[in-house]
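Below is the file model.txt, which contains compact mmCIF, C-alpha atoms.
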```
# COMPACT_ATOMS: atom_id res chain seq x y z
CA MET F 2 0.00 0.00 0.00
CA ALA F 3 1.31 3.46 -0.88
CA TYR F 4 2.59 5.66 1.95
CA GLU F 5 0.09 8.28 3.04
CA GLY F 6 0.63 11.30 5.26
CA MET F 7 -0.88 14.62 6.13
CA ILE F 8 0.20 17.82 7.82
CA ALA F 9 -2.41 19.57 9.96
CA GLU F 10 -1.60 22.60 12.06
CA MET F 11 -2.81 25.91 13.40
CA ILE F 12 -1.52 29.08 11.75
CA THR F 13 -2.28 32.79 11.90
CA ILE F 14 -3.38 34.87 8.91
CA ARG F 15 -3.98 38.62 8.66
CA GLY F 16 -7.71 39.18 8.24
CA ASP F 17 -10.01 42.19 8.11
CA ASP F 18 -8.33 45.36 9.42
CA ASP F 19 -5.06 43.42 9.44
CA ASP F 20 -6.25 41.57 12.56
CA ALA F 21 -4.54 38.32 13.48
CA VAL F 22 -6.98 35.47 12.75
CA SER F 23 -6.39 31.85 13.71
CA ALA F 24 -6.80 29.22 11.05
CA TYR F 25 -6.55 25.44 10.95
CA THR F 26 -4.89 23.98 7.89
CA ALA F 27 -4.42 20.49 6.53
CA ARG F 28 -2.75 19.19 3.39
CA PRO F 29 -1.29 15.99 2.05
CA MET F 30 2.43 15.57 2.62
CA GLY F 31 4.48 16.21 -0.48
CA PRO F 32 5.25 19.10 -2.80
CA GLY F 33 1.89 19.30 -4.55
CA PRO F 34 0.60 21.00 -6.52
CA PHE F 35 -2.69 20.72 -4.64
CA PRO F 36 -5.98 22.46 -5.32
CA GLY F 37 -7.18 24.54 -2.39
CA VAL F 38 -10.36 24.61 -0.33
CA VAL F 39 -11.36 27.29 2.19
CA LEU F 40 -13.93 26.16 4.74
CA ILE F 41 -16.32 28.63 6.37
CA HIS F 42 -17.53 27.22 9.68
CA HIS F 43 -21.15 27.13 10.74
CA LEU F 44 -23.08 28.94 13.47
CA PRO F 45 -22.20 26.37 16.18
CA GLY F 46 -18.64 27.56 15.90
CA TRP F 47 -15.10 26.77 14.92
CA GLY F 48 -14.99 23.39 16.55
CA GLU F 49 -14.22 19.74 16.05
CA PHE F 50 -16.55 19.14 13.11
CA TYR F 51 -14.79 21.74 10.96
CA ARG F 52 -11.37 20.43 12.01
CA GLU F 53 -12.43 17.00 10.78
CA MET F 54 -13.90 18.42 7.58
CA THR F 55 -10.63 20.25 6.90
CA ARG F 56 -8.69 17.02 7.27
CA LYS F 57 -11.21 15.23 5.05
CA PHE F 58 -10.32 17.55 2.19
CA ALA F 59 -6.61 16.92 2.81
CA HIS F 60 -7.32 13.19 2.74
CA HIS F 61 -8.82 13.71 -0.71
CA GLY F 62 -5.78 15.60 -2.01
CA TYR F 63 -6.65 19.21 -1.27
CA ALA F 64 -4.79 21.86 0.71
CA ALA F 65 -7.47 23.11 3.06
CA ILE F 66 -7.86 25.96 5.51
CA SER F 67 -10.60 26.78 8.01
CA HIS F 68 -10.33 30.23 9.56
CA ASN F 69 -11.91 31.33 12.82
CA LEU F 70 -14.70 33.79 12.03
CA TYR F 71 -15.23 34.26 15.78
CA GLU F 72 -11.64 35.35 16.48
CA ARG F 73 -12.67 38.80 17.73
CA ILE F 74 -15.55 37.40 19.80
CA GLY F 75 -13.13 35.85 22.27
CA GLN F 76 -11.09 32.81 23.10
CA GLY F 77 -12.08 29.64 24.89
CA ASP F 78 -14.24 26.59 24.38
CA PRO F 79 -15.84 26.79 20.91
CA ASP F 80 -19.32 26.28 22.39
CA ASP F 81 -18.88 29.26 24.73
CA VAL F 82 -17.45 31.44 21.98
CA ALA F 83 -20.32 30.51 19.64
CA ALA F 84 -22.83 31.39 22.39
CA LYS F 85 -21.17 34.78 22.80
CA ALA F 86 -21.27 35.28 19.03
CA ARG F 87 -24.99 34.56 19.06
CA ALA F 88 -25.54 37.13 21.81
CA GLU F 89 -23.63 39.69 19.75
CA GLY F 90 -25.71 39.05 16.62
CA GLY F 91 -23.01 37.08 14.83
CA VAL F 92 -20.21 38.66 12.81
CA ALA F 93 -20.48 41.39 10.20
CA ASP F 94 -20.77 40.28 6.59
CA SER F 95 -18.03 42.71 5.54
CA GLN F 96 -15.65 41.17 8.06
CA VAL F 97 -16.46 37.64 6.89
CA VAL F 98 -15.69 38.62 3.30
CA ALA F 99 -12.36 40.20 4.25
CA ASP F 100 -11.29 37.31 6.49
CA THR F 101 -12.22 34.77 3.83
CA GLU F 102 -10.30 36.68 1.18
CA ALA F 103 -7.29 36.54 3.49
CA ALA F 104 -7.62 32.76 3.82
CA VAL F 105 -7.92 32.40 0.03
CA GLN F 106 -4.84 34.54 -0.60
CA TRP F 107 -2.85 32.70 2.07
CA LEU F 108 -3.64 29.41 0.38
CA LYS F 109 -2.79 30.73 -3.09
CA ALA F 110 0.59 31.96 -1.84
CA GLN F 111 1.72 28.54 -0.62
CA PRO F 112 4.35 26.82 -2.79
CA TYR F 113 2.25 23.64 -2.94
CA SER F 114 -0.86 25.43 -4.30
CA ASN F 115 -2.02 24.79 -7.87
CA GLY F 116 -3.55 28.30 -7.82
CA ARG F 117 -7.15 27.15 -7.93
CA ILE F 118 -9.37 27.62 -4.91
CA GLY F 119 -12.85 26.57 -3.88
CA VAL F 120 -14.85 27.77 -0.90
CA ILE F 121 -17.37 25.72 1.07
CA GLY F 122 -19.54 26.43 4.08
CA SER F 123 -22.60 25.03 5.81
CA CYS F 124 -25.57 26.62 7.56
CA SER F 125 -24.61 30.27 8.26
CA GLY F 126 -21.31 29.36 6.56
CA GLY F 127 -23.25 28.32 3.45
CA ARG F 128 -24.79 31.77 3.28
CA GLN F 129 -21.39 33.35 3.84
CA ALA F 130 -19.72 31.15 1.19
CA PHE F 131 -22.26 32.29 -1.40
CA MET F 132 -22.00 35.90 -0.26
CA TYR F 133 -18.21 35.79 -0.43
CA ALA F 134 -18.32 34.33 -3.95
CA CYS F 135 -20.46 37.32 -4.97
CA ASN F 136 -17.90 39.74 -3.52
CA THR F 137 -14.65 38.42 -4.97
CA GLN F 138 -13.00 37.42 -8.20
CA SER F 139 -10.44 35.24 -6.41
CA ILE F 140 -11.99 31.78 -6.50
CA ASP F 141 -12.93 29.12 -9.01
CA ALA F 142 -15.87 27.35 -7.37
CA VAL F 143 -18.16 27.62 -4.36
CA VAL F 144 -20.22 25.04 -2.48
CA GLU F 145 -23.17 26.19 -0.42
CA LEU F 146 -24.52 23.64 2.04
CA TRP F 147 -28.06 24.57 3.16
CA GLY F 148 -27.22 28.23 3.49
CA GLY F 149 -29.64 29.81 5.95
CA ARG F 150 -30.80 33.38 5.34
CA VAL F 151 -29.55 33.78 1.79
CA VAL F 152 -33.10 35.05 1.48
CA GLN F 153 -33.85 37.59 4.22
CA ALA F 154 -37.23 39.18 4.85
CA GLU F 155 -37.61 42.92 4.17
CA ASP F 156 -37.68 43.64 7.92
CA ASP F 157 -34.74 41.35 8.63
CA ARG F 158 -31.73 43.48 7.73
CA PRO F 159 -29.63 43.71 10.91
CA GLU F 160 -26.70 46.10 10.97
CA LYS F 161 -24.20 43.28 10.51
CA GLN F 162 -26.12 41.79 7.58
CA PRO F 163 -27.44 44.83 5.73
CA VAL F 164 -27.91 43.23 2.29
CA GLN F 165 -29.53 39.88 1.66
CA PRO F 166 -27.15 37.67 -0.33
CA LEU F 167 -29.93 36.91 -2.83
CA ASP F 168 -29.56 40.50 -4.07
CA MET F 169 -25.85 39.90 -4.76
CA THR F 170 -26.50 37.05 -7.21
CA LYS F 171 -25.68 39.09 -10.31
CA ASP F 172 -22.09 39.43 -9.05
CA LEU F 173 -21.50 35.71 -8.45
CA SER F 174 -18.06 35.11 -9.90
CA CYS F 175 -17.80 31.32 -10.17
CA PRO F 176 -19.86 28.13 -10.55
CA ILE F 177 -21.89 27.13 -7.52
CA LEU F 178 -22.96 23.76 -6.13
CA GLY F 179 -25.82 23.87 -3.63
CA LEU F 180 -27.04 20.99 -1.47
CA PHE F 181 -30.33 21.30 0.41
CA GLY F 182 -32.73 19.15 2.41
CA ASN F 183 -36.38 19.37 1.42
CA ASP F 184 -37.48 19.16 5.06
CA ASP F 185 -35.37 22.17 6.03
CA ARG F 186 -37.04 25.37 7.24
CA ALA F 187 -33.96 27.61 7.04
CA PRO F 188 -33.62 27.59 4.10
CA SER F 189 -37.10 26.41 3.24
CA PRO F 190 -37.75 24.79 -0.16
CA GLU F 191 -39.52 28.03 -1.16
CA GLN F 192 -36.41 30.04 -0.33
CA VAL F 193 -34.26 27.62 -2.31
CA ASP F 194 -36.69 28.13 -5.22
CA LEU F 195 -36.07 31.90 -5.04
CA HIS F 196 -32.32 31.34 -4.80
CA GLU F 197 -32.34 29.09 -7.86
CA ALA F 198 -34.61 31.41 -9.85
CA GLU F 199 -32.24 34.31 -9.24
CA LEU F 200 -29.24 32.26 -10.38
CA LYS F 201 -31.13 31.26 -13.50
CA ARG F 202 -32.24 34.84 -14.17
CA HIS F 203 -28.63 36.05 -14.15
CA GLY F 204 -27.37 33.16 -16.25
CA LYS F 205 -25.06 31.78 -13.56
CA ARG F 206 -23.55 28.31 -13.70
CA TYR F 207 -25.18 26.40 -10.87
CA GLU F 208 -25.94 22.88 -9.77
CA PHE F 209 -28.54 22.42 -7.02
CA HIS F 210 -29.40 19.07 -5.44
CA ARG F 211 -32.40 18.91 -3.17
CA TYR F 212 -32.78 15.80 -1.05
CA ASP F 213 -36.00 14.21 0.13
CA GLY F 214 -35.91 12.74 3.61
CA ALA F 215 -33.34 15.29 4.79
CA GLY F 216 -33.66 18.53 6.68
CA HIS F 217 -31.04 20.97 7.89
CA GLY F 218 -27.46 19.85 8.54
CA PHE F 219 -27.76 16.34 7.15
CA PHE F 220 -23.95 15.91 7.01
CA TYR F 221 -23.62 16.31 10.80
CA TYR F 222 -23.01 12.73 11.91
CA HIS F 223 -23.00 13.78 15.57
CA ARG F 224 -26.48 15.30 15.38
CA PRO F 225 -29.94 13.74 14.92
CA MET F 226 -30.26 15.51 11.56
CA TYR F 227 -27.67 13.16 10.02
CA ARG F 228 -28.91 11.28 6.96
CA VAL F 229 -26.33 8.78 5.83
CA GLU F 230 -27.60 8.14 2.30
CA GLN F 231 -28.04 11.82 1.42
CA ALA F 232 -24.75 12.77 3.09
CA LEU F 233 -22.75 10.17 1.18
CA ASP F 234 -24.31 11.29 -2.09
CA GLY F 235 -23.67 14.91 -1.16
CA TRP F 236 -19.99 14.29 -0.51
CA GLN F 237 -19.73 12.58 -3.90
CA LYS F 238 -21.28 15.65 -5.50
CA ILE F 239 -18.82 17.94 -3.70
CA PHE F 240 -15.73 16.02 -4.74
CA GLY F 241 -17.06 15.73 -8.28
CA PHE F 242 -17.69 19.47 -8.45
CA PHE F 243 -14.38 20.55 -6.93
CA GLY F 244 -12.57 17.90 -8.98
CA LYS F 245 -14.00 19.43 -12.15
CA HIS F 246 -13.35 23.08 -11.31
CA LEU F 247 -10.16 23.03 -9.24
CA SER F 248 -7.93 20.59 -11.06
CA THR F 249 -5.26 21.80 -13.46
CA MET G 24 -27.55 32.47 12.32
CA CYS G 25 -30.27 30.39 10.82
CA THR G 26 -33.29 31.38 12.91
CA SER G 27 -32.12 34.72 14.38
CA ILE G 28 -34.55 34.25 17.29
CA VAL G 29 -32.61 35.78 20.18
CA GLU G 30 -33.79 37.77 23.21
CA ILE G 31 -31.46 39.28 25.78
CA ALA G 32 -32.42 40.32 29.32
CA ARG G 33 -30.42 42.12 31.99
CA ALA G 34 -29.50 39.76 34.81
CA GLU G 35 -28.29 40.25 38.36
CA GLY G 36 -27.26 37.25 40.41
CA SER G 37 -24.77 34.43 40.11
CA GLY G 38 -24.16 31.58 37.74
CA ARG G 39 -21.85 28.60 37.95
CA SER G 40 -19.59 27.58 35.09
CA MET G 41 -16.82 24.98 34.88
CA ASP G 42 -14.55 27.50 36.62
CA GLY G 43 -16.89 28.18 39.56
CA TRP G 44 -19.33 30.92 40.45
CA PHE G 45 -19.44 34.22 38.62
CA SER G 46 -21.63 37.33 38.68
CA LEU G 47 -24.26 37.53 35.95
CA THR G 48 -24.92 40.43 33.65
CA ARG G 49 -27.24 38.99 31.00
CA SER G 50 -29.59 36.14 30.17
CA VAL G 51 -29.51 35.22 26.50
CA VAL G 52 -32.53 33.24 25.31
CA ALA G 53 -32.60 31.83 21.79
CA TYR G 54 -34.30 29.23 19.62
CA ASP G 55 -31.62 27.79 17.40
CA HIS G 56 -29.27 24.85 16.84
CA PRO G 57 -28.20 23.33 20.15
CA GLN G 58 -24.64 22.17 20.76
CA HIS G 59 -25.44 19.07 22.76
CA ALA G 60 -29.16 18.29 23.02
CA LEU G 61 -30.15 15.85 20.29
CA LEU G 62 -32.58 18.24 18.66
CA GLU G 63 -32.58 20.21 15.44
CA GLU G 64 -33.57 23.34 17.35
CA ALA G 65 -33.80 24.03 21.06
CA VAL G 66 -34.61 26.84 23.40
CA THR G 67 -31.17 27.75 24.66
CA ILE G 68 -30.58 29.87 27.73
CA ASP G 69 -27.15 31.25 28.51
CA PHE G 70 -26.61 33.06 31.79
CA VAL G 71 -23.43 35.03 31.13
CA ASN G 72 -21.00 37.71 32.10
CA HIS G 73 -19.17 38.39 28.86
CA ALA G 74 -16.95 40.98 30.50
CA GLU G 75 -15.30 38.00 32.20
CA GLY G 76 -14.85 36.13 28.91
CA ALA G 77 -16.81 33.65 26.83
CA GLY G 78 -16.37 30.96 29.49
CA ALA G 79 -18.38 32.87 32.12
CA ARG G 80 -21.52 31.06 31.02
CA ALA G 81 -24.06 28.72 32.55
CA ALA G 82 -26.00 27.09 29.73
CA VAL G 83 -29.06 24.94 29.19
CA GLU G 84 -30.66 23.60 26.01
CA LEU G 85 -34.35 22.67 26.32
CA THR G 86 -37.04 21.16 24.16
CA LEU G 87 -39.83 23.57 23.36
CA ASP G 88 -42.17 21.70 25.75
CA SER G 89 -39.57 21.84 28.54
CA ALA G 90 -39.16 25.55 27.94
CA LYS G 91 -42.93 26.04 28.23
CA ALA G 92 -42.96 24.06 31.49
CA LEU G 93 -40.08 26.18 32.79
CA HIS G 94 -41.90 29.32 31.72
CA ALA G 95 -45.02 28.24 33.68
CA ALA G 96 -42.95 27.29 36.72
CA LEU G 97 -41.12 30.61 36.65
CA ALA G 98 -44.43 32.48 36.41
CA LYS G 99 -45.80 30.62 39.47
CA VAL G 100 -42.68 31.19 41.52
CA ILE G 101 -42.54 34.85 40.56
CA GLU G 102 -46.20 35.31 41.49
CA ALA G 103 -45.63 33.65 44.89
CA ALA G 104 -42.42 35.61 45.45
CA GLU G 105 -44.17 38.90 44.74
CA ALA G 106 -46.93 38.00 47.21
CA GLU G 107 -44.27 37.15 49.79
CA GLU G 108 -42.49 40.44 49.20
CA ALA G 109 -45.78 42.38 49.49
CA MET G 110 -46.39 40.78 52.90
CA ARG G 111 -42.89 41.63 54.01
CA VAL G 112 -43.42 45.29 53.14
CA GLN G 113 -46.78 45.23 54.96
CA TYR G 114 -45.22 43.77 58.16
CA ALA G 115 -42.27 46.11 58.01
CA GLY G 116 -44.49 49.21 57.72
CA PRO G 117 -43.19 52.68 56.99
CA ALA G 118 -43.17 54.18 60.55
CA HIS G 119 -40.12 52.94 62.41
CA PRO G 120 -36.81 53.54 60.68
CA HIS G 121 -35.51 50.08 61.73
CA SER G 122 -38.75 48.20 61.17
CA ARG G 123 -37.88 46.93 57.70
CA ILE G 124 -34.54 45.57 58.85
CA LEU G 125 -36.18 43.94 61.90
CA ALA G 126 -38.87 42.37 59.75
CA VAL G 127 -36.32 40.95 57.35
CA ALA G 128 -34.26 39.58 60.24
CA ALA G 129 -37.33 37.97 61.78
CA GLY G 130 -38.54 36.57 58.49
```
Show this structure as structure tokens.
Amino acid sequence: MAYEGMIAEMITIRGDDDDAVSAYTARPMGPGPFPGVVLIHHLPGWGEFYREMTRKFAHHGYAAISHNLYERIGQGDPDDVAAKARAEGGVADSQVVADTEAAVQWLKAQPYSNGRIGVIGSCSGGRQAFMYACNTQSIDAVVELWGGRVVQAEDDRPEKQPVQPLDMTKDLSCPILGLFGNDDRAPSPEQVDLHEAELKRHGKRYEFHRYDGAGHGFFYYHRPMYRVEQALDGWQKIFGFFGKHLST
Amino acid sequence: MCTSIVEIARAEGSGRSMDGWFSLTRSVVAYDHPQHALLEEAVTIDFVNHAEGAGARAAVELTLDSAKALHAALAKVIEAAEAEEAMRVQYAGPAHPHSRILAVAAG
């Protein structure tokens, strides 16, 4: 059997306002070149699930990085930090975009990078992945996993999220893969319909898969929402999509 | 956030975290993804003092039915406590400058 190895470590990047932002990275051992994936963590925080997901991409031959969107919220147990983030109304969209751009540029600058980058996020991170892809020209593909609040009601425009991502669709700069559960309520199937219609209206390259028998967060194997069949198919779709758009 | 259902109330009192007791400043009540309870959404209550860091937090995650039961229990206790306090004020009376302190000590 061929030798297999991986390097996974914590680093610091310079994010929005030149702030120091922690990031977890993983990549296969060897010189590369490897395609890159930036992971945007979900509302429950920058915890174990996203560490594991980062290493999963490395296992599949990608250089991956997951940056801590809650860096300025505080340090400590990820559950406590996520609770504090919730009390503060989350993080500002503009800061998420700048921090994610920093993670993308860090990855591109590594000697083992093939120069092609994809971004993926789930839940609030799915929304942020889509939003980021509409505010940059730096990436080659984006995966949105059940992005909540891509569609925001007229009276739901908090200071930190002043523009609903749906209204940014015309500026989407790369192909998008979206995975959704038909039993989800955030986003609801009706909201996914609006999301898809807007992509179609602007002639964007998109691929949406909507699973019956699945709700929100159906990849989360540590939660009751896990749906093994839909999750396995979803992962196949992700690796197929990134394989197509990030290889050189 | 996926639901954005969050209410925050001022809090005075104490909470206990992994590091021991701490003074409270806020109660944060939300309906969103729980960290531990095996539910898609839960009523989460965090009693916190964020000036002392993210770890100054006593947390619970409840089913909606449990939250309703807690709400009813709180209402009953608050009603009884207010009746108790009204009696205390009545016994203490306004006349004697030490009467309130004496009444509290006797109670």
Which residues of chain F are close to chain G, meaning at most 6 Å apart when you count only C-alpha atoms, and how do they look as a PyMOL selection string? chain F and resi 44+81-82+125+149+187+225
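Note that CA of Leu108 in chain F and CA of Glu10 in chain F are 13.7 Å apart.
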Taken to one decimal, the CA of Gly77 in chain F-CA of Val97 in chain F distance is 20.2 Å
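Atom to atom, CA of Ile66 in chain F and CA of Arg28 in chain F stand 8.7 Å apart.
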Residues within 9 Å of range 197-200 of chain F, all atoms listed in the file, excluding chain neighbours under 5 positions, as a ChimeraX atom specification: /F:167-168,170-171,173,192,205-207,209
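The list of residues within 8 Å of (-1.3, 20.5, 12.5), counted using only C-alpha atoms, is Ile8, Ala9, Glu10, Met11, Tyr25, Thr26 and Ala27 of chain F.
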Excluding range 46-48 of chain G and residues on its chain fewer than 6 positions from it, collect all residues at most 7 Å away from it, counting only C-alpha atoms, and give them as a VMD selection string. chain G and resid 33 to 38 70 to 72
